[in-house]
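Okay, protein31.txt now, which holds compact mmCIF, C-alpha atoms (C1' of nucleotides):
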# COMPACT_ATOMS: atom_id res chain seq x y z
CA MET J 20 13.85 -12.95 -10.56
CA PRO J 21 14.24 -9.25 -11.43
CA GLN J 22 15.16 -8.42 -14.98
CA ASP J 23 18.80 -7.64 -14.33
CA ALA J 24 19.32 -4.61 -16.52
CA ASP J 25 22.48 -3.89 -14.60
CA ILE J 26 23.64 -0.86 -16.51
CA PRO J 27 23.26 1.79 -13.82
CA PRO J 28 23.52 5.01 -15.90
CA ASP J 29 24.55 6.79 -12.71
CA GLN J 30 22.98 9.63 -10.79
CA SER J 31 19.65 11.27 -11.39
CA LEU J 32 17.48 8.21 -11.61
CA ARG J 33 13.76 8.60 -11.29
CA ILE J 34 11.46 6.34 -9.39
CA GLY J 35 10.67 4.19 -12.40
CA ASP J 36 14.35 3.61 -13.08
CA LEU J 37 15.00 2.75 -9.47
CA ALA J 38 12.15 0.28 -9.55
CA ARG J 39 13.47 -1.40 -12.68
CA LEU J 40 17.05 -1.50 -11.44
CA ALA J 41 16.07 -2.95 -8.08
CA GLY J 42 13.48 -5.31 -9.50
CA THR J 43 10.41 -3.93 -7.77
CA THR J 44 7.61 -1.42 -8.34
CA THR J 45 7.21 2.31 -7.83
CA ARG J 46 4.42 1.65 -5.38
CA THR J 47 6.71 -0.38 -3.19
CA ILE J 48 9.34 2.35 -3.25
CA ARG J 49 6.86 5.02 -2.18
CA TYR J 50 5.57 2.69 0.49
CA TYR J 51 9.06 2.07 1.84
CA GLU J 52 9.64 5.80 1.91
CA GLU J 53 6.39 6.23 3.81
CA MET J 54 7.54 3.59 6.28
CA GLY J 55 10.80 5.43 6.78
CA LEU J 56 12.92 2.74 5.17
CA LEU J 57 13.99 4.99 2.34
CA PRO J 58 14.65 8.51 3.62
CA ALA J 59 12.35 11.08 2.07
CA ALA J 60 15.11 13.43 0.86
CA ALA J 61 13.62 16.14 3.03
CA GLN J 62 14.19 19.12 0.78
CA ARG J 63 12.22 17.83 -2.17
CA PRO J 64 10.09 20.76 -3.47
CA SER J 65 6.81 18.96 -2.78
CA ARG J 66 5.05 17.68 -5.85
CA SER J 67 8.26 17.46 -7.80
CA HIS J 68 9.69 14.15 -8.97
CA ARG J 69 11.79 12.01 -6.67
CA VAL J 70 15.42 11.62 -7.72
CA TYR J 71 17.73 8.78 -6.81
CA THR J 72 21.32 7.71 -7.26
CA ALA J 73 23.10 4.42 -7.81
CA ALA J 74 23.65 4.26 -4.05
CA ASP J 75 19.89 4.19 -3.57
CA VAL J 76 19.67 1.23 -5.89
CA GLU J 77 22.14 -0.56 -3.68
CA ARG J 78 20.31 0.42 -0.55
CA LEU J 79 16.99 -0.76 -1.89
CA ARG J 80 18.45 -4.05 -3.06
CA GLU J 81 20.03 -4.56 0.34
CA LEU J 82 16.71 -3.84 1.98
CA MET J 83 14.88 -6.42 -0.07
CA ARG J 84 17.67 -8.88 0.52
CA LEU J 85 17.51 -8.50 4.29
CA LYS J 86 13.74 -8.65 4.31
CA ASP J 87 13.81 -11.89 2.39
CA LEU J 88 16.74 -13.57 4.12
CA LEU J 89 15.89 -12.63 7.67
CA GLY J 90 12.15 -12.91 7.18
CA VAL J 91 11.42 -9.80 9.19
CA SER J 92 8.57 -7.33 8.90
CA LEU J 93 9.17 -3.90 7.44
CA GLY J 94 8.95 -2.51 10.94
CA GLU J 95 11.68 -4.74 12.30
CA LEU J 96 13.66 -4.08 9.16
CA GLY J 97 13.35 -0.41 9.96
CA THR J 98 14.95 -1.00 13.33
CA LEU J 99 17.83 -2.89 11.77
CA LEU J 100 18.13 -0.12 9.24
CA ALA J 101 18.31 2.52 11.91
CA ALA J 102 21.47 0.72 12.90
CA GLU J 103 22.79 1.17 9.38
CA GLU J 104 21.91 4.84 9.60
CA ALA J 105 23.90 5.06 12.78
CA ARG J 106 26.80 3.38 11.06
CA ALA J 107 26.65 5.95 8.29
CA GLU J 108 26.71 8.63 10.95
CA VAL J 109 29.74 6.98 12.49
CA ARG J 110 31.52 6.87 9.18
CA ALA J 111 30.84 10.55 8.62
CA GLN J 112 32.12 11.46 12.06
CA LEU J 113 35.13 9.20 11.75
CA ARG J 114 36.14 10.74 8.46
CA ARG J 115 36.64 14.07 10.23
CA GLU J 116 39.59 13.45 12.49
CA ASP J 117 38.77 16.29 14.84
CA VAL J 118 36.51 14.17 17.01
CA ASP J 119 37.88 13.33 20.40
CA PRO J 120 38.89 9.71 20.93
CA ALA J 121 36.36 9.13 23.67
CA ARG J 122 33.50 10.00 21.33
CA ARG J 123 35.07 7.89 18.62
CA ARG J 124 35.13 4.90 20.88
CA GLU J 125 31.52 5.50 21.79
CA LEU J 126 30.43 5.55 18.18
CA LEU J 127 32.45 2.50 17.30
CA ALA J 128 31.12 0.57 20.26
CA GLU J 129 27.60 1.44 19.20
CA ALA J 130 28.27 0.28 15.66
CA LEU J 131 29.69 -2.93 17.03
CA GLY J 132 26.55 -3.50 19.04
CA HIS J 133 24.36 -3.03 15.98
CA LEU J 134 26.47 -5.42 13.96
CA ASP J 135 26.34 -7.99 16.71
CA ARG J 136 22.58 -7.84 16.82
CA GLN J 137 22.37 -8.43 13.10
CA LEU J 138 24.93 -11.20 13.33
CA ALA J 139 22.99 -12.92 16.07
CA LEU J 140 19.92 -12.93 13.87
CA VAL J 141 21.84 -14.24 10.89
CA LEU J 142 23.69 -16.88 12.85
CA HIS J 143 20.56 -18.21 14.46
CA ARG J 144 18.81 -18.55 11.15
CA ALA J 145 21.86 -20.04 9.48
CA GLU J 146 22.08 -22.62 12.22
CA GLU J 147 18.44 -23.61 11.89
CA LEU J 148 18.77 -23.83 8.14
CA GLU J 149 21.86 -25.99 8.46
CA LYS J 150 20.01 -28.34 10.76
CA LEU J 151 17.23 -28.68 8.23
CA HIS J 152 19.82 -29.19 5.53
CA ARG J 153 21.42 -32.09 7.37
CA GLU J 154 18.06 -33.71 7.99
CA LEU J 155 17.10 -33.54 4.37
CA ASP J 156 20.50 -34.86 3.37
CA ASP J 157 20.10 -37.85 5.65
CA ARG J 158 16.71 -38.68 4.26
CA ARG J 159 18.06 -38.35 0.78
CA LYS J 160 20.91 -40.73 1.48
CA ARG J 161 18.51 -43.31 2.85
CA VAL J 162 16.31 -43.14 -0.21
CA ARG J 163 19.29 -43.41 -2.51
CA ARG J 164 20.56 -46.42 -0.61
CA LYS J 165 17.22 -48.13 -1.04
CA ILE J 166 17.29 -47.43 -4.74
CA ARG J 167 20.77 -48.88 -5.03
CA GLU J 168 19.71 -51.98 -3.14
CA LEU J 169 16.83 -52.36 -5.51
CA ASP J 170 18.98 -51.91 -8.56
CA ALA J 171 21.58 -54.36 -7.27
CA ASN J 172 19.36 -57.43 -7.53
CA ALA J 173 17.44 -56.26 -10.57
CA GLY J 174 15.62 -58.98 -12.51
CA GLY J 175 16.05 -61.33 -9.57
CA THR J 176 13.41 -62.28 -7.05
CA PHE J 177 12.24 -60.12 -4.17
CA PRO J 178 14.88 -57.87 -2.69
CA PRO J 179 15.99 -58.68 0.88
CA ALA J 180 13.60 -57.40 3.52
CA PRO J 181 14.72 -53.90 4.44
CA ALA J 182 14.20 -54.52 8.17
CA ASP J 183 14.97 -50.93 9.12
CA ALA J 184 12.22 -48.47 9.90
CA LEU J 185 12.35 -45.23 8.04
CA SER J 186 12.11 -42.35 10.46
CA SER J 187 9.10 -40.18 9.89
CA MET S 21 9.29 -18.33 21.63
CA PRO S 22 6.59 -20.93 22.43
CA GLN S 23 6.22 -21.95 26.03
CA ASP S 24 7.93 -25.29 25.73
CA ALA S 25 5.69 -27.45 27.86
CA ASP S 26 7.22 -30.51 26.26
CA ILE S 27 5.35 -33.12 28.22
CA PRO S 28 3.27 -34.66 25.43
CA PRO S 29 0.71 -36.67 27.43
CA ASP S 30 0.26 -38.81 24.31
CA GLN S 31 -2.76 -39.43 22.14
CA SER S 32 -6.15 -37.83 22.32
CA LEU S 33 -5.12 -34.19 22.40
CA ARG S 34 -7.70 -31.56 21.68
CA ILE S 35 -7.19 -28.51 19.57
CA GLY S 36 -6.31 -26.34 22.53
CA ASP S 37 -3.64 -28.77 23.68
CA LEU S 38 -2.20 -29.00 20.20
CA ALA S 39 -2.07 -25.22 20.02
CA ARG S 40 -0.24 -24.95 23.33
CA LEU S 41 2.18 -27.75 22.53
CA ALA S 42 3.02 -26.32 19.14
CA GLY S 43 3.10 -22.73 20.31
CA THR S 44 0.30 -21.35 18.19
CA THR S 45 -3.46 -20.72 18.34
CA THR S 46 -6.53 -22.81 17.68
CA ARG S 47 -7.55 -20.41 14.95
CA THR S 48 -4.32 -21.03 13.10
CA ILE S 49 -4.80 -24.77 13.37
CA ARG S 50 -8.30 -24.61 11.94
CA TYR S 51 -7.04 -22.32 9.23
CA TYR S 52 -4.25 -24.72 8.30
CA GLU S 53 -6.77 -27.53 8.16
CA GLU S 54 -8.96 -25.42 5.90
CA MET S 55 -5.94 -24.80 3.66
CA GLY S 56 -5.28 -28.50 3.47
CA LEU S 57 -2.03 -28.35 5.41
CA LEU S 58 -3.39 -30.40 8.25
CA PRO S 59 -5.59 -33.22 6.95
CA ALA S 60 -9.17 -32.97 8.13
CA ALA S 61 -9.41 -36.49 9.58
CA ALA S 62 -12.24 -37.16 7.16
CA GLN S 63 -14.41 -39.34 9.37
CA ARG S 64 -14.92 -36.81 12.11
CA PRO S 65 -18.64 -36.96 13.10
CA SER S 66 -19.27 -33.34 12.09
CA ARG S 67 -19.71 -30.99 15.01
CA SER S 68 -17.65 -33.17 17.28
CA HIS S 69 -14.31 -32.12 18.68
CA ARG S 70 -11.12 -32.53 16.72
CA VAL S 71 -8.63 -35.01 18.18
CA TYR S 72 -4.90 -35.08 17.64
CA THR S 73 -1.88 -37.17 18.53
CA ALA S 74 1.72 -36.42 19.37
CA ALA S 75 2.56 -37.00 15.71
CA ASP S 76 0.32 -34.09 14.83
CA VAL S 77 2.25 -31.88 17.20
CA GLU S 78 5.41 -32.83 15.34
CA ARG S 79 3.82 -32.22 12.00
CA LEU S 80 2.52 -28.81 12.99
CA ARG S 81 5.87 -27.80 14.41
CA GLU S 82 7.59 -28.95 11.26
CA LEU S 83 5.12 -26.92 9.25
CA MET S 84 5.81 -23.75 11.16
CA ARG S 85 9.50 -24.40 10.98
CA LEU S 86 9.50 -24.78 7.21
CA LYS S 87 7.27 -21.77 6.77
CA ASP S 88 9.63 -19.66 8.81
CA LEU S 89 12.94 -20.99 7.52
CA LEU S 90 12.05 -21.15 3.86
CA GLY S 91 9.89 -18.07 3.90
CA VAL S 92 7.22 -19.58 1.71
CA SER S 93 3.49 -18.92 1.57
CA LEU S 94 1.04 -21.45 2.95
CA GLY S 95 0.21 -22.35 -0.62
CA GLU S 96 3.79 -23.17 -1.53
CA LEU S 97 4.13 -24.91 1.78
CA GLY S 98 1.18 -27.02 0.78
CA THR S 99 3.00 -28.11 -2.32
CA LEU S 100 6.08 -29.06 -0.36
CA LEU S 101 3.84 -30.86 2.07
CA ALA S 102 2.17 -32.83 -0.68
CA ALA S 103 5.64 -34.21 -1.22
CA GLU S 104 5.76 -35.29 2.40
CA GLU S 105 2.37 -36.93 1.94
CA ALA S 106 3.76 -38.81 -1.00
CA ARG S 107 6.71 -39.91 1.12
CA ALA S 108 4.33 -41.20 3.75
CA GLU S 109 2.53 -43.10 1.01
CA VAL S 110 5.86 -44.51 -0.12
CA ARG S 111 6.71 -45.62 3.37
CA ALA S 112 3.37 -47.34 3.71
CA GLN S 113 3.79 -49.13 0.40
CA LEU S 114 7.38 -50.05 1.13
CA ARG S 115 6.47 -51.58 4.42
CA ARG S 116 4.37 -54.16 2.59
CA GLU S 117 6.90 -56.19 0.70
CA ASP S 118 4.44 -57.47 -1.84
CA VAL S 119 4.89 -54.52 -4.15
CA ASP S 120 6.73 -55.26 -7.32
CA PRO S 121 10.23 -53.80 -7.60
CA ALA S 122 9.39 -51.61 -10.58
CA ARG S 123 6.71 -49.80 -8.60
CA ARG S 124 9.05 -49.54 -5.64
CA ARG S 125 11.66 -47.87 -7.78
CA GLU S 126 9.05 -45.48 -9.10
CA LEU S 127 7.98 -44.44 -5.63
CA LEU S 128 11.53 -44.06 -4.41
CA ALA S 129 12.51 -42.00 -7.42
CA GLU S 130 9.54 -39.74 -6.79
CA ALA S 131 10.51 -39.29 -3.16
CA LEU S 132 14.03 -38.49 -4.25
CA GLY S 133 12.72 -35.80 -6.57
CA HIS S 134 10.71 -34.20 -3.78
CA LEU S 135 13.67 -34.22 -1.46
CA ASP S 136 15.86 -32.69 -4.11
CA ARG S 137 13.42 -29.86 -4.64
CA GLN S 138 13.39 -29.09 -0.94
CA LEU S 139 17.16 -29.36 -0.78
CA ALA S 140 17.57 -26.94 -3.64
CA LEU S 141 15.44 -24.40 -1.78
CA VAL S 142 17.35 -24.88 1.43
CA LEU S 143 20.77 -24.78 -0.21
CA HIS S 144 20.01 -21.60 -2.07
CA ARG S 145 18.86 -19.82 1.04
CA ALA S 146 21.72 -21.16 3.10
CA GLU S 147 24.17 -19.87 0.53
CA GLU S 148 22.65 -16.41 0.53
CA LEU S 149 22.62 -16.33 4.29
CA GLU S 150 26.25 -17.40 4.41
CA LYS S 151 27.18 -14.57 2.07
CA LEU S 152 25.44 -12.08 4.32
CA HIS S 153 27.13 -13.66 7.31
CA ARG S 154 30.59 -13.17 5.81
CA GLU S 155 29.83 -9.57 4.95
CA LEU S 156 28.70 -8.77 8.46
CA ASP S 157 31.73 -10.55 9.87
CA ASP S 158 34.05 -8.47 7.73
CA ARG S 159 32.43 -5.24 8.84
CA ARG S 160 32.65 -6.35 12.42
CA LYS S 161 36.31 -7.12 12.12
CA ARG S 162 37.00 -3.69 10.70
CA VAL S 163 35.16 -1.96 13.51
CA ARG S 164 36.97 -4.01 16.12
CA ARG S 165 40.30 -3.22 14.52
CA LYS S 166 39.51 0.48 14.75
CA ILE S 167 38.60 0.15 18.38
CA ARG S 168 41.86 -1.65 19.11
CA GLU S 169 43.80 1.04 17.31
CA LEU S 170 42.06 3.62 19.41
CA ASP S 171 42.70 1.75 22.63
CA ALA S 172 46.36 1.21 21.75
CA ASN S 173 47.34 4.87 21.96
CA ALA S 174 44.94 5.75 24.72
CA GLY S 175 45.74 8.96 26.62
CA GLY S 176 48.16 9.95 23.86
CA THR S 177 47.57 12.47 21.09
CA PHE S 178 45.49 11.85 18.02
CA PRO S 179 45.54 8.30 16.71
CA PRO S 180 47.23 7.80 13.33
CA ALA S 181 45.06 8.84 10.41
CA PRO S 182 43.10 5.73 9.36
CA ALA S 183 43.65 6.37 5.64
CA ASP S 184 41.44 3.46 4.59
CA ALA S 185 37.94 4.02 3.28
CA LEU S 186 35.23 2.03 4.98
CA SER S 187 33.09 0.31 2.42
CA SER S 188 29.48 1.33 2.59
C1' DC E 11 -27.08 -35.27 35.39
C1' DG E 12 -25.71 -30.69 35.94
C1' DT E 13 -22.32 -27.45 34.87
C1' DG E 14 -18.26 -25.03 33.59
C1' DA E 15 -14.53 -25.38 30.46
C1' DT E 16 -13.60 -26.24 25.93
C1' DC E 17 -14.99 -26.94 21.66
C1' DT E 18 -18.05 -26.30 17.13
C1' DT E 19 -19.26 -23.45 12.99
C1' DC E 20 -20.25 -19.10 10.88
C1' DA E 21 -18.98 -14.57 9.88
C1' DC E 22 -17.08 -10.30 10.06
C1' DG E 23 -12.72 -7.47 11.43
C1' DT E 24 -7.66 -6.49 11.10
C1' DT E 25 -2.81 -5.93 9.78
C1' DC E 26 0.70 -6.09 6.49
C1' DA E 27 2.47 -5.20 2.12
C1' DC E 28 1.53 -3.76 -1.40
C1' DG E 29 -1.95 -3.16 -6.23
C1' DT E 30 -4.77 -0.14 -8.81
C1' DC E 31 -7.33 3.62 -10.48
C1' DA E 32 -8.10 8.73 -10.91
C1' DA E 33 -7.04 13.41 -11.69
C1' DG E 34 -3.80 16.62 -11.97
C1' DT E 35 1.43 18.04 -12.46
C1' DT E 36 6.23 17.93 -13.99
C1' DT E 37 9.89 16.82 -17.24
C1' DG E 38 12.51 15.84 -21.21
C1' DC E 39 12.53 16.88 -25.78
C1' DA E 40 11.19 18.36 -30.55
C1' DT O 8 6.01 26.34 -26.79
C1' DG O 9 3.71 22.13 -27.20
C1' DC O 10 3.13 17.52 -25.87
C1' DA O 11 3.57 12.66 -24.59
C1' DA O 12 5.62 10.06 -21.01
C1' DA O 13 6.49 9.66 -16.50
C1' DC O 14 5.59 11.43 -12.34
C1' DT O 15 2.69 13.43 -8.14
C1' DT O 16 -0.73 12.75 -4.21
C1' DG O 17 -4.88 10.55 -2.63
C1' DA O 18 -7.79 7.10 -1.92
C1' DC O 19 -9.73 2.84 -2.20
C1' DG O 20 -9.00 -2.36 -3.24
C1' DT O 21 -6.78 -6.93 -2.41
C1' DG O 22 -4.75 -11.40 -0.83
C1' DA O 23 -2.60 -13.69 2.84
C1' DA O 24 -2.78 -15.03 7.45
C1' DC O 25 -4.82 -14.88 10.90
C1' DG O 26 -7.93 -12.29 15.24
C1' DT O 27 -12.29 -11.78 17.41
C1' DG O 28 -16.71 -12.25 18.72
C1' DA O 29 -21.48 -14.82 18.80
C1' DA O 30 -24.48 -18.64 19.57
C1' DG O 31 -24.81 -23.01 20.38
C1' DA O 32 -22.92 -28.03 21.07
C1' DT O 33 -19.89 -31.32 23.53
C1' DC O 34 -16.75 -33.14 27.05
C1' DA O 35 -14.96 -34.32 31.40
C1' DC O 36 -15.92 -34.50 36.02
C1' DG O 37 -18.12 -34.34 40.56
Structure encoded using structure tokens:
Amino acid sequence: MPQDADIPPDQSLRIGDLARLAGTTTRTIRYYEEMGLLPAAAQRPSRSHRVYTAADVERLRELMRLKDLLGVSLGELGTLLAAEEARAEVRAQLRREDVDPARRRELLAEALGHLDRQLALVLHRAEELEKLHRELDDRRKRVRRKIRELDANAGGTFPPAPADALSS
Amino acid sequence: MPQDADIPPDQSLRIGDLARLAGTTTRTIRYYEEMGLLPAAAQRPSRSHRVYTAADVERLRELMRLKDLLGVSLGELGTLLAAEEARAEVRAQLRREDVDPARRRELLAEALGHLDRQLALVLHRAEELEKLHRELDDRRKRVRRKIRELDANAGGTFPPAPADALSS
DNA sequence: CGTGATCTTCACGTTCACGTCAAGTTTGCA
DNA sequence: TGCAAACTTGACGTGAACGTGAAGATCACG
């Protein structure tokens, strides 16, 4: 668990701060940048320090969250993230109301597609996890029942023969 | 997705068959054996072929499933699997009714502990996934609402100014 | 009992996702 | 302006989880 020093002092964070706030390392951040997951802030004067904002903390946390929850590689994550980028683009375009409705619809439809792809991934995994959950729950109930049976005739003779096979 | 040739011809499978049936490679199977995830069938005459049964197919599939769903390393998976081993042991002992009740309770309690550990893992992940699911659903709803708004006054002038900020 | 497919054990190679060290540079601050 | 702390790029190292040969043994079948 990351040391949750959740007092984001606001803009102008440096890479070390970002690492601490997101619960990771500077190496990882540079690596993610290299992989295109964190945009390289193109106009950085080369050899000067990287600067970040609170939004970047959020973005990085979201990245790590998705990576963990969806169990995807950084490459696949990059694809999903490109969708997020597109959504940001959409938001920017939508904020200016001088875009023609046809284009607006296009952008929105695209965003919808991206969201649906992510949702499909999430739903599939959630379903599988739920299945596993139910299985474990069933096993647990069986074990607890056996314990209760055992406790019922405590101090007595042998308990009644169980007679039911436990599924593997 | 593994090519689901689900016609398990029954016992006496060889490593290639197991690989095909479980949707993986022989290398992976040997590796898992080396890691102690698949027991090495101790009395194999050294330099003879490995033999497997349909149960092993199940076990291997379960292994891959857990690894994927819980996102754990093979090491951690080994620990969880040791629990399964213990449960198998319990089942074996419980089948013979000549074990004294105290020991039975012990074994059952142990099994319960293992199951609870797995359940905790699963529940935590399921919760996180559900949170992500709700978030994506919300975003999707917003996008769809915008599309409907746009479609409502189609062919007309500009749509009414949205006036609501889209959360990042 | 020959033979081709499949398997055996080394052993080294590879990819991913970073860790780690080195040498020089930039920044915040006294 | 001086300086320590934090940063920069570059390069090599590492652990996990396999992939990929090589050289020989074994199996299943005609």
What box, with edges along x, y and z, holds each listed atom of stretch 103-121 of chain S when 4 Å is added on every side, and can you state its centre and edge lengths in Å to one decimal, as lines of an AutoDock Vina configuration file?
center_x = 6.3
center_y = -45.8
center_z = -1.6
size_x = 15.9
size_y = 31.3
size_z = 20.0
| said: Quick check: residues of chain J within 12 Å of chain O, all atoms listed in the file, returned as number ranges by chain. | reply: J: 33-36, 45, 49, 64-70
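Using all atoms listed in the file, the shortest contact distance between chain S and any of J:Gly42, J:Pro58, J:Gly94, J:Gly132 is found at J:Gly132.
Interface residues of chain E facing chain S, defined by any atom at most 8 Å away and using only C-alpha atoms (C1' of nucleotides), are DC17, DT18 and DT19 of chain E.
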| message | Residues of chain J were defined as contacting chain S if any atom lay at most 7 Å from it, counting only C-alpha atoms; please report them as a count of residues only. | response | 15
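Our summary of the geometry notes that atom CA of S:Ser32 is positioned 28.0 Å from atom CA of S:Thr99.
Atom to atom, atom CA of J:Thr72 and atom CA of J:Leu32 stand 5.8 Å apart.
The space separating atom C1' of E:DT13 from atom CA of S:Gln31 comes to 26.2 Å.
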Neighbours of E:DC28 within 9 Å (all atoms listed in the file; same-chain residues fewer than 5 positions away dropped), as a compact mmCIF listing (two decimals) with C-alpha atoms (C1' of nucleotides), in the coordinates of the input?
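Once written, part10.txt looks like this:
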# COMPACT_ATOMS: atom_id res chain seq x y z
CA ARG J 46 4.42 1.65 -5.38
CA THR J 47 6.71 -0.38 -3.19
CA TYR J 50 5.57 2.69 0.49
C1' DT O 21 -6.78 -6.93 -2.41
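For the set J:Met83, J:Ala73, J:Arg39, J:Ser92, the residue with the smallest atom-to-atom gap to E:DC26 is J:Ser92, counting only C-alpha atoms (C1' of nucleotides).
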| task | Determine, counting all atoms listed in the file, which protein, DNA and RNA residues have an atom within 7 Å of an atom of S:Ala42; residues of the same chain fewer than 3 positions away are not included. Present the result as a list of chain:residue names. | result | S:Leu38, S:Ala39, S:Val77, S:Leu80, S:Arg81
